[in-house]
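Student: Dropping in input.cif, which is mmCIF, C-alpha atoms:
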```cif
data_model
loop_
_atom_site.label_atom_id
_atom_site.label_comp_id
_atom_site.auth_asym_id
_atom_site.auth_seq_id
_atom_site.Cartn_x
_atom_site.Cartn_y
_atom_site.Cartn_z
CA MET A 6 -54.87 189.34 -5.96
CA GLU A 7 -53.75 192.18 -8.26
CA ARG A 8 -57.24 193.70 -8.08
CA TYR A 9 -56.93 194.35 -4.33
CA ALA A 10 -53.16 194.93 -4.18
CA ARG A 11 -53.39 198.49 -2.84
CA GLN A 12 -55.56 197.53 0.14
CA LEU A 13 -53.84 194.23 0.83
CA ILE A 14 -50.70 196.12 1.83
CA LEU A 15 -52.62 197.91 4.57
CA ASP A 16 -52.06 196.39 8.00
CA GLU A 17 -55.76 196.99 8.71
CA ILE A 18 -56.82 194.69 5.86
CA GLY A 19 -54.16 192.31 4.51
CA ILE A 20 -54.96 188.79 3.35
CA GLU A 21 -57.15 187.96 6.34
CA GLY A 22 -59.18 191.11 5.98
CA GLN A 23 -59.67 190.52 2.28
CA LYS A 24 -60.91 187.02 3.03
CA LYS A 25 -63.43 188.49 5.49
CA LEU A 26 -64.56 190.95 2.83
CA SER A 27 -65.06 188.19 0.28
CA GLU A 28 -67.21 186.25 2.74
CA ALA A 29 -69.26 189.26 3.90
CA ARG A 30 -72.90 189.82 2.97
CA VAL A 31 -74.06 193.44 2.99
CA LEU A 32 -77.55 194.78 2.23
CA ILE A 33 -77.93 198.34 0.91
CA VAL A 34 -81.43 199.76 1.35
CA GLY A 35 -81.91 202.36 -1.37
CA VAL A 36 -79.68 202.77 -4.42
CA GLY A 37 -79.90 206.52 -4.92
CA GLY A 38 -77.61 209.35 -3.86
CA LEU A 39 -76.23 207.56 -0.79
CA GLY A 40 -76.52 204.07 -2.20
CA SER A 41 -74.45 204.91 -5.29
CA PRO A 42 -71.13 205.57 -3.49
CA ILE A 43 -71.85 202.92 -0.85
CA ALA A 44 -72.41 200.21 -3.46
CA THR A 45 -69.56 201.35 -5.69
CA TYR A 46 -66.91 201.33 -2.98
CA LEU A 47 -68.07 198.10 -1.36
CA ALA A 48 -68.05 196.38 -4.74
CA GLY A 49 -64.63 197.80 -5.52
CA ALA A 50 -63.30 196.61 -2.15
CA GLY A 51 -64.47 193.06 -2.86
CA VAL A 52 -67.42 192.57 -0.53
CA GLY A 53 -68.50 189.12 -1.66
CA THR A 54 -72.30 189.50 -1.66
CA ILE A 55 -74.14 192.80 -1.95
CA GLY A 56 -77.91 193.09 -1.79
CA LEU A 57 -79.67 196.06 -3.39
CA ILE A 58 -83.27 196.91 -2.52
CA ASP A 59 -85.12 199.72 -4.31
CA ALA A 60 -88.40 199.90 -6.25
CA ASP A 61 -87.62 203.16 -8.03
CA VAL A 62 -86.61 203.82 -11.65
CA VAL A 63 -83.89 206.14 -12.90
CA SER A 64 -85.03 209.69 -13.60
CA VAL A 65 -83.22 212.65 -15.16
CA SER A 66 -83.24 214.50 -11.82
CA ASN A 67 -81.30 211.60 -10.25
CA LEU A 68 -78.26 212.07 -12.48
CA GLN A 69 -77.01 215.13 -10.61
CA ARG A 70 -75.97 212.91 -7.70
CA GLN A 71 -76.74 209.23 -8.37
CA VAL A 72 -73.55 208.41 -10.21
CA LEU A 73 -74.34 204.73 -10.80
CA TYR A 74 -76.66 205.70 -13.65
CA GLU A 75 -76.54 207.13 -17.19
CA GLU A 76 -78.93 209.16 -19.34
CA SER A 77 -79.62 206.10 -21.49
CA GLN A 78 -81.04 204.30 -18.42
CA VAL A 79 -83.79 206.81 -17.58
CA GLY A 80 -87.02 204.90 -16.90
CA GLN A 81 -85.24 201.61 -16.09
CA PRO A 82 -85.25 199.96 -12.63
CA LYS A 83 -82.44 201.26 -10.45
CA VAL A 84 -81.52 197.86 -9.03
CA THR A 85 -81.13 196.40 -12.52
CA CYS A 86 -78.95 199.27 -13.73
CA ALA A 87 -76.92 199.28 -10.51
CA LYS A 88 -76.25 195.55 -10.73
CA GLN A 89 -75.04 195.93 -14.31
CA ARG A 90 -72.66 198.75 -13.35
CA LEU A 91 -71.31 197.03 -10.23
CA LEU A 92 -70.63 193.74 -12.01
CA ALA A 93 -68.86 195.68 -14.75
CA LEU A 94 -66.65 197.10 -12.00
CA ASN A 95 -66.10 193.77 -10.24
CA SER A 96 -67.32 190.55 -11.85
CA THR A 97 -65.98 188.41 -9.01
CA ILE A 98 -68.72 189.41 -6.55
CA ARG A 99 -72.40 188.53 -6.29
CA ILE A 100 -75.19 191.10 -6.52
CA ASN A 101 -78.70 190.25 -5.30
CA THR A 102 -81.49 192.62 -6.30
CA TYR A 103 -84.91 193.27 -4.78
CA GLU A 104 -87.12 195.49 -6.92
CA CYS A 105 -89.41 196.49 -4.09
CA TRP A 106 -89.61 198.80 -1.09
CA MET A 107 -88.61 197.50 2.31
CA THR A 108 -91.69 196.97 4.46
CA LYS A 109 -92.59 195.39 7.78
CA ASP A 110 -93.77 192.36 5.80
CA ASN A 111 -90.52 191.64 3.92
CA ALA A 112 -87.85 193.10 6.22
CA HIS A 113 -87.28 189.95 8.26
CA ASP A 114 -86.83 187.60 5.31
CA ILE A 115 -84.53 189.96 3.40
CA ILE A 116 -82.34 191.09 6.30
CA THR A 117 -81.92 187.50 7.54
CA ASP A 118 -79.64 186.77 4.58
CA TYR A 119 -77.14 189.54 5.39
CA ASP A 120 -74.54 190.41 8.04
CA ILE A 121 -74.80 194.21 7.88
CA VAL A 122 -77.52 196.59 6.67
CA VAL A 123 -76.55 199.97 5.22
CA ASP A 124 -78.86 202.96 4.95
CA GLY A 125 -79.20 204.48 1.49
CA THR A 126 -82.81 205.56 1.91
CA ASP A 127 -84.40 208.96 2.48
CA ASN A 128 -87.51 207.62 4.18
CA PHE A 129 -88.03 207.94 7.95
CA ASP A 130 -90.57 205.13 8.11
CA VAL A 131 -88.20 202.69 6.38
CA ARG A 132 -85.44 203.58 8.81
CA PHE A 133 -87.63 202.58 11.75
CA ILE A 134 -88.34 199.26 10.00
CA ILE A 135 -84.64 198.63 9.35
CA SER A 136 -83.68 199.53 12.89
CA ASP A 137 -86.36 197.42 14.54
CA GLU A 138 -85.48 194.36 12.46
CA CYS A 139 -81.73 194.79 12.91
CA GLU A 140 -82.27 195.09 16.66
CA ARG A 141 -84.27 191.85 16.65
CA GLN A 142 -81.64 190.04 14.62
CA LYS A 143 -78.70 191.70 16.44
CA LYS A 144 -77.17 192.95 13.20
CA PRO A 145 -75.35 196.28 12.69
CA TYR A 146 -77.32 199.02 11.00
CA VAL A 147 -75.03 201.59 9.35
CA TYR A 148 -77.24 204.68 9.38
CA GLY A 149 -76.67 207.68 7.14
CA ALA A 150 -78.72 210.76 6.29
CA ILE A 151 -78.26 213.96 4.32
CA CYS A 152 -79.97 217.30 3.80
CA GLY A 153 -78.60 220.06 1.62
CA LEU A 154 -74.93 220.43 2.55
CA GLU A 155 -75.11 218.48 5.81
CA GLY A 156 -74.95 214.81 6.70
CA GLN A 157 -74.60 212.32 9.53
CA VAL A 158 -73.56 208.71 10.05
CA SER A 159 -73.81 206.25 12.95
CA ILE A 160 -73.72 202.52 13.64
CA LEU A 161 -76.86 201.40 15.41
CA CYS A 162 -78.32 198.16 16.77
CA CYS A 163 -75.07 196.55 17.84
CA GLY A 164 -74.57 198.58 21.01
CA ARG A 165 -77.04 200.36 23.24
CA THR A 166 -78.61 202.64 20.61
CA THR A 167 -81.13 202.25 17.79
CA TYR A 168 -82.79 204.65 15.36
CA ARG A 169 -85.41 205.19 18.06
CA THR A 170 -82.66 206.61 20.26
CA LEU A 171 -82.21 209.39 17.70
CA PHE A 172 -85.93 209.81 17.02
CA PRO A 173 -88.04 208.52 19.95
CA ASP A 174 -91.32 209.93 18.60
CA GLU A 175 -92.12 207.86 15.53
CA THR A 176 -95.53 209.49 15.15
CA PHE A 177 -94.04 212.97 14.86
CA VAL A 178 -91.24 211.91 12.52
CA GLY A 179 -93.75 210.11 10.32
CA THR A 180 -95.54 213.39 9.64
CA THR A 181 -92.39 215.03 8.28
CA HIS A 182 -90.42 214.42 5.11
CA PRO A 183 -86.68 214.73 4.44
CA GLY A 184 -85.77 217.86 2.51
CA LYS A 185 -85.22 217.38 -1.21
CA GLN A 186 -82.53 220.04 -1.48
CA VAL A 187 -79.08 218.53 -1.99
CA VAL A 188 -75.87 219.06 -3.89
CA GLY A 189 -74.35 215.91 -5.38
CA VAL A 190 -71.19 215.90 -3.30
CA THR A 191 -73.12 215.62 -0.02
CA PRO A 192 -74.27 212.01 -0.56
CA ALA A 193 -70.86 211.27 -2.08
CA VAL A 194 -69.12 212.26 1.16
CA VAL A 195 -71.65 210.73 3.55
CA GLY A 196 -72.07 207.52 1.51
CA SER A 197 -68.30 207.08 1.42
CA ILE A 198 -68.16 207.38 5.20
CA GLU A 199 -70.89 204.73 5.47
CA ALA A 200 -68.90 202.43 3.17
CA SER A 201 -65.80 203.05 5.28
CA GLN A 202 -67.72 202.09 8.43
CA VAL A 203 -68.80 198.82 6.77
CA LEU A 204 -65.18 197.98 5.96
CA GLU A 205 -64.17 198.69 9.56
CA LEU A 206 -66.90 196.41 10.89
CA ILE A 207 -66.01 193.57 8.53
CA CYS A 208 -62.24 193.72 8.91
CA GLY A 209 -62.19 194.70 12.59
CA TYR A 210 -60.05 197.82 12.52
CA GLY A 211 -60.41 201.46 13.52
CA GLN A 212 -63.03 202.90 15.86
CA PRO A 213 -66.43 202.28 14.27
CA LEU A 214 -69.18 204.76 15.11
CA ILE A 215 -71.03 202.36 17.40
CA ASP A 216 -73.29 204.41 19.69
CA ARG A 217 -71.77 207.60 18.26
CA LEU A 218 -73.07 210.07 15.68
CA TRP A 219 -70.72 211.73 13.17
CA THR A 220 -71.92 214.94 11.54
CA ILE A 221 -70.51 217.19 8.84
CA ASP A 222 -71.39 220.62 7.43
CA LEU A 223 -69.85 220.91 3.96
CA ARG A 224 -70.14 224.69 4.04
CA THR A 225 -67.41 224.87 6.68
CA LEU A 226 -66.10 221.26 6.81
CA GLN A 227 -66.89 221.35 10.50
CA THR A 228 -67.43 217.88 11.92
CA PHE A 229 -68.51 216.52 15.29
CA ILE A 230 -68.71 213.09 16.88
CA ILE A 231 -71.44 212.89 19.50
CA ASP A 232 -71.80 210.09 22.05
CA LEU A 233 -75.35 208.74 21.99
#
```
As a first step, turn the structure in this file into structure tokens.

Tutor:
Amino acid sequence: MERYARQLILDEIGIEGQKKLSEARVLIVGVGGLGSPIATYLAGAGVGTIGLIDADVVSVSNLQRQVLYEESQVGQPKVTCAKQRLLALNSTIRINTYECWMTKDNAHDIITDYDIVVDGTDNFDVRFIISDECERQKKPYVYGAICGLEGQVSILCCGRTTYRTLFPDETFVGTTHPGKQVVGVTPAVVGSIEASQVLELICGYGQPLIDRLWTIDLRTLQTFIIDL
């Protein structure tokens, strides 16, 4: 257990918590700016099975923030490159890859195989799909979003709130697009908080953001937790 020695000595994790981590199955939707830190820290912590879903390929513009990838991998599928990097970090875990976008047609079959779904996407439509399917299957949806120097995280679909609580008008949201402006540290911070929330859910410690929304402005480091 030398690999996990530093977290095993935490009362919040210990041997029992590490066993829960090894048995957990977590799906990450999107392996870009948010997905990179989420996947890296969950793999490092020893989450036993991690699913990665993304149809995109690595581009030069990704490298400013998507730290799973290298210049030599430009043009290659993200899920393939991410799997290679994560297994190099921790060969004791299992990585499942899905080189596709999440849609209404495949969401049920993919999500069925996992305990928790984590948001690494930047697509409003996909978030509605994730939320609706997680609500049907009664599985936690760890939501995260960024724009510029701001970000937010919540845990949906295992309390009273869903993504539709945040955005009731799907038609209006579907006509907008997330801003492309971002500095690399923003997804690093927000993705790390998402990964931390996953660990709390699996090991049963802390105060997970169920039915609460955490926000941060990296210009001022001002944060809020809002009851939903």

Student: Could you write out as a PDB file with C-alpha atoms, in the frame of the given file the residues that the PyMOL selection byres ((chain A and resi 9) around 10) matches in the shown file?

Tutor:
```pdb
ATOM      1  CA  MET A   6     -54.870 189.340  -5.960  1.00  0.00           C
ATOM      2  CA  GLU A   7     -53.750 192.180  -8.260  1.00  0.00           C
ATOM      3  CA  ARG A   8     -57.240 193.700  -8.080  1.00  0.00           C
ATOM      4  CA  ALA A  10     -53.160 194.930  -4.180  1.00  0.00           C
ATOM      5  CA  ARG A  11     -53.390 198.490  -2.840  1.00  0.00           C
ATOM      6  CA  GLN A  12     -55.560 197.530   0.140  1.00  0.00           C
ATOM      7  CA  LEU A  13     -53.840 194.230   0.830  1.00  0.00           C
ATOM      8  CA  ILE A  14     -50.700 196.120   1.830  1.00  0.00           C
ATOM      9  CA  GLY A  19     -54.160 192.310   4.510  1.00  0.00           C
ATOM     10  CA  ILE A  20     -54.960 188.790   3.350  1.00  0.00           C
ATOM     11  CA  GLN A  23     -59.670 190.520   2.280  1.00  0.00           C
ATOM     12  CA  GLY A  49     -64.630 197.800  -5.520  1.00  0.00           C
ATOM     13  CA  ALA A  50     -63.300 196.610  -2.150  1.00  0.00           C
ATOM     14  CA  GLY A  51     -64.470 193.060  -2.860  1.00  0.00           C
TER      15      GLY A  51
END
```

Student: Evaluate the PyMOL selection byres ((chain A and resi 25) around 10) and record the selected residues as number ranges by chain, following the chain and residue labels used in the document.

Tutor: A: 18, 20-24, 26-30, 51-53, 204, 207-209

Student: Within 12 Å of range 91-101 of chain A, counting only C-alpha atoms, which residues qualify if same-chain residues fewer than 3 places away don't, as a ChimeraX atom specification?

Tutor: /A:6,8-9,26-34,36,40-59,72-74,83-88,104,115,118-119

Student: A:Gln202, A:Gln186, A:Asn67, A:Thr225: which is nearest Asp124 in chain A, counting all atoms listed in the file?

Tutor: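 Closest candidate: A:Gln202.
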
Student: List the neighbours of range 141-158 of chain A out to 7 Å using all atoms listed in the file; skip same-chain residues closer than 4 positions along the sequence, and give me the result as a PDB file with C-alpha atoms, in the frame of the given file.

Tutor:
```
ATOM      1  CA  ASP A 120     -74.540 190.410   8.040  1.00  0.00           C
ATOM      2  CA  ILE A 121     -74.800 194.210   7.880  1.00  0.00           C
ATOM      3  CA  VAL A 122     -77.520 196.590   6.670  1.00  0.00           C
ATOM      4  CA  VAL A 123     -76.550 199.970   5.220  1.00  0.00           C
ATOM      5  CA  ASP A 124     -78.860 202.960   4.950  1.00  0.00           C
ATOM      6  CA  GLY A 125     -79.200 204.480   1.490  1.00  0.00           C
ATOM      7  CA  SER A 136     -83.680 199.530  12.890  1.00  0.00           C
ATOM      8  CA  ASP A 137     -86.360 197.420  14.540  1.00  0.00           C
ATOM      9  CA  CYS A 162     -78.320 198.160  16.770  1.00  0.00           C
ATOM     10  CA  CYS A 163     -75.070 196.550  17.840  1.00  0.00           C
ATOM     11  CA  GLY A 184     -85.770 217.860   2.510  1.00  0.00           C
ATOM     12  CA  GLN A 186     -82.530 220.040  -1.480  1.00  0.00           C
ATOM     13  CA  VAL A 187     -79.080 218.530  -1.990  1.00  0.00           C
ATOM     14  CA  VAL A 188     -75.870 219.060  -3.890  1.00  0.00           C
ATOM     15  CA  THR A 191     -73.120 215.620  -0.020  1.00  0.00           C
ATOM     16  CA  PRO A 192     -74.270 212.010  -0.560  1.00  0.00           C
ATOM     17  CA  VAL A 195     -71.650 210.730   3.550  1.00  0.00           C
ATOM     18  CA  GLU A 199     -70.890 204.730   5.470  1.00  0.00           C
ATOM     19  CA  LEU A 218     -73.070 210.070  15.680  1.00  0.00           C
ATOM     20  CA  TRP A 219     -70.720 211.730  13.170  1.00  0.00           C
ATOM     21  CA  THR A 220     -71.920 214.940  11.540  1.00  0.00           C
ATOM     22  CA  ILE A 221     -70.510 217.190   8.840  1.00  0.00           C
ATOM     23  CA  ASP A 222     -71.390 220.620   7.430  1.00  0.00           C
ATOM     24  CA  LEU A 223     -69.850 220.910   3.960  1.00  0.00           C
ATOM     25  CA  ARG A 224     -70.140 224.690   4.040  1.00  0.00           C
TER      26      ARG A 224
END
```

Student: Have a look at A:Leu233, A:Arg90, A:Val79, A:Lys109 and name the one nearest to Ser66 in chain A; count all atoms listed in the file.

Tutor: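 Between A:Leu233, A:Arg90, A:Val79, A:Lys109, the residue approaching Ser66 in chain A most closely is A:Val79.
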
Student: When you get a chance, write out all heavy atoms for range 220-231 of chain A, as a CSV table (one decimal), in the coordinates of the input.

Tutor:
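Generated output (result-v5.csv):
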```csv
chain,number,residue,atom,x,y,z
A,220,THR,N,-71.2,214.0,12.4
A,220,THR,CA,-71.9,214.9,11.5
A,220,THR,C,-70.9,215.8,10.8
A,220,THR,O,-69.8,216.0,11.2
A,220,THR,CB,-72.8,215.9,12.4
A,220,THR,OG1,-72.0,216.7,13.2
A,220,THR,CG2,-73.7,215.1,13.3
A,221,ILE,N,-71.4,216.3,9.6
A,221,ILE,CA,-70.5,217.2,8.8
A,221,ILE,C,-71.4,218.3,8.2
A,221,ILE,O,-72.5,218.1,7.8
A,221,ILE,CB,-69.7,216.4,7.7
A,221,ILE,CG1,-68.7,217.4,7.1
A,221,ILE,CG2,-70.7,215.8,6.7
A,221,ILE,CD1,-67.7,216.7,6.2
A,222,ASP,N,-70.8,219.5,8.2
A,222,ASP,CA,-71.4,220.6,7.4
A,222,ASP,C,-70.4,221.0,6.3
A,222,ASP,O,-69.3,221.4,6.6
A,222,ASP,CB,-71.6,221.8,8.4
A,222,ASP,CG,-72.3,223.0,7.7
A,222,ASP,OD1,-72.2,223.1,6.5
A,222,ASP,OD2,-72.9,223.8,8.4
A,223,LEU,N,-70.8,220.7,5.1
A,223,LEU,CA,-69.8,220.9,4.0
A,223,LEU,C,-69.6,222.4,3.6
A,223,LEU,O,-68.7,222.7,2.9
A,223,LEU,CB,-70.3,220.2,2.7
A,223,LEU,CG,-70.3,218.6,2.8
A,223,LEU,CD1,-70.9,218.0,1.6
A,223,LEU,CD2,-68.9,218.2,3.0
A,224,ARG,N,-70.4,223.3,4.2
A,224,ARG,CA,-70.1,224.7,4.0
A,224,ARG,C,-68.8,225.1,4.7
A,224,ARG,O,-68.1,226.0,4.2
A,224,ARG,CB,-71.3,225.5,4.6
A,224,ARG,CG,-72.7,225.3,4.1
A,224,ARG,CD,-73.7,226.1,4.8
A,224,ARG,NE,-75.1,225.7,4.5
A,224,ARG,CZ,-75.7,224.7,5.1
A,224,ARG,NH1,-75.1,223.9,6.0
A,224,ARG,NH2,-77.0,224.4,4.7
A,225,THR,N,-68.6,224.5,5.9
A,225,THR,CA,-67.4,224.9,6.7
A,225,THR,C,-66.4,223.7,6.9
A,225,THR,O,-65.3,223.9,7.4
A,225,THR,CB,-67.9,225.3,8.1
A,225,THR,OG1,-68.6,224.2,8.7
A,225,THR,CG2,-68.8,226.5,7.9
A,226,LEU,N,-66.8,222.5,6.5
A,226,LEU,CA,-66.1,221.3,6.8
A,226,LEU,C,-66.0,221.0,8.3
A,226,LEU,O,-65.1,220.3,8.8
A,226,LEU,CB,-64.7,221.3,6.1
A,226,LEU,CG,-64.7,221.1,4.6
A,226,LEU,CD1,-63.3,221.0,4.1
A,226,LEU,CD2,-65.6,220.0,4.2
A,227,GLN,N,-66.9,221.6,9.1
A,227,GLN,CA,-66.9,221.4,10.5
A,227,GLN,C,-67.5,220.0,10.8
A,227,GLN,O,-68.6,219.7,10.3
A,227,GLN,CB,-67.6,222.5,11.2
A,227,GLN,CG,-67.5,222.4,12.7
A,227,GLN,CD,-68.1,223.7,13.4
A,227,GLN,OE1,-69.1,224.2,12.9
A,227,GLN,NE2,-67.4,224.2,14.4
A,228,THR,N,-66.9,219.2,11.6
A,228,THR,CA,-67.4,217.9,11.9
A,228,THR,C,-67.5,217.7,13.4
A,228,THR,O,-66.7,218.3,14.2
A,228,THR,CB,-66.6,216.7,11.3
A,228,THR,OG1,-65.3,216.8,11.9
A,228,THR,CG2,-66.5,216.9,9.8
A,229,PHE,N,-68.4,216.9,13.9
A,229,PHE,CA,-68.5,216.5,15.3
A,229,PHE,C,-68.8,215.0,15.4
A,229,PHE,O,-69.3,214.4,14.5
A,229,PHE,CB,-69.7,217.3,15.9
A,229,PHE,CG,-69.5,218.8,16.0
A,229,PHE,CD1,-70.1,219.5,15.0
A,229,PHE,CD2,-68.8,219.4,17.0
A,229,PHE,CE1,-70.0,220.9,15.0
A,229,PHE,CE2,-68.6,220.8,17.0
A,229,PHE,CZ,-69.2,221.5,16.0
A,230,ILE,N,-68.3,214.4,16.5
A,230,ILE,CA,-68.7,213.1,16.9
A,230,ILE,C,-69.4,213.2,18.3
A,230,ILE,O,-68.8,213.6,19.2
A,230,ILE,CB,-67.5,212.1,16.9
A,230,ILE,CG1,-66.9,212.0,15.5
A,230,ILE,CG2,-68.0,210.8,17.5
A,230,ILE,CD1,-65.7,211.0,15.4
A,231,ILE,N,-70.6,212.8,18.3
A,231,ILE,CA,-71.4,212.9,19.5
A,231,ILE,C,-71.7,211.5,20.1
A,231,ILE,O,-72.2,210.6,19.4
A,231,ILE,CB,-72.8,213.6,19.1
A,231,ILE,CG1,-72.5,214.9,18.5
A,231,ILE,CG2,-73.7,213.7,20.4
A,231,ILE,CD1,-73.7,215.5,17.8
```
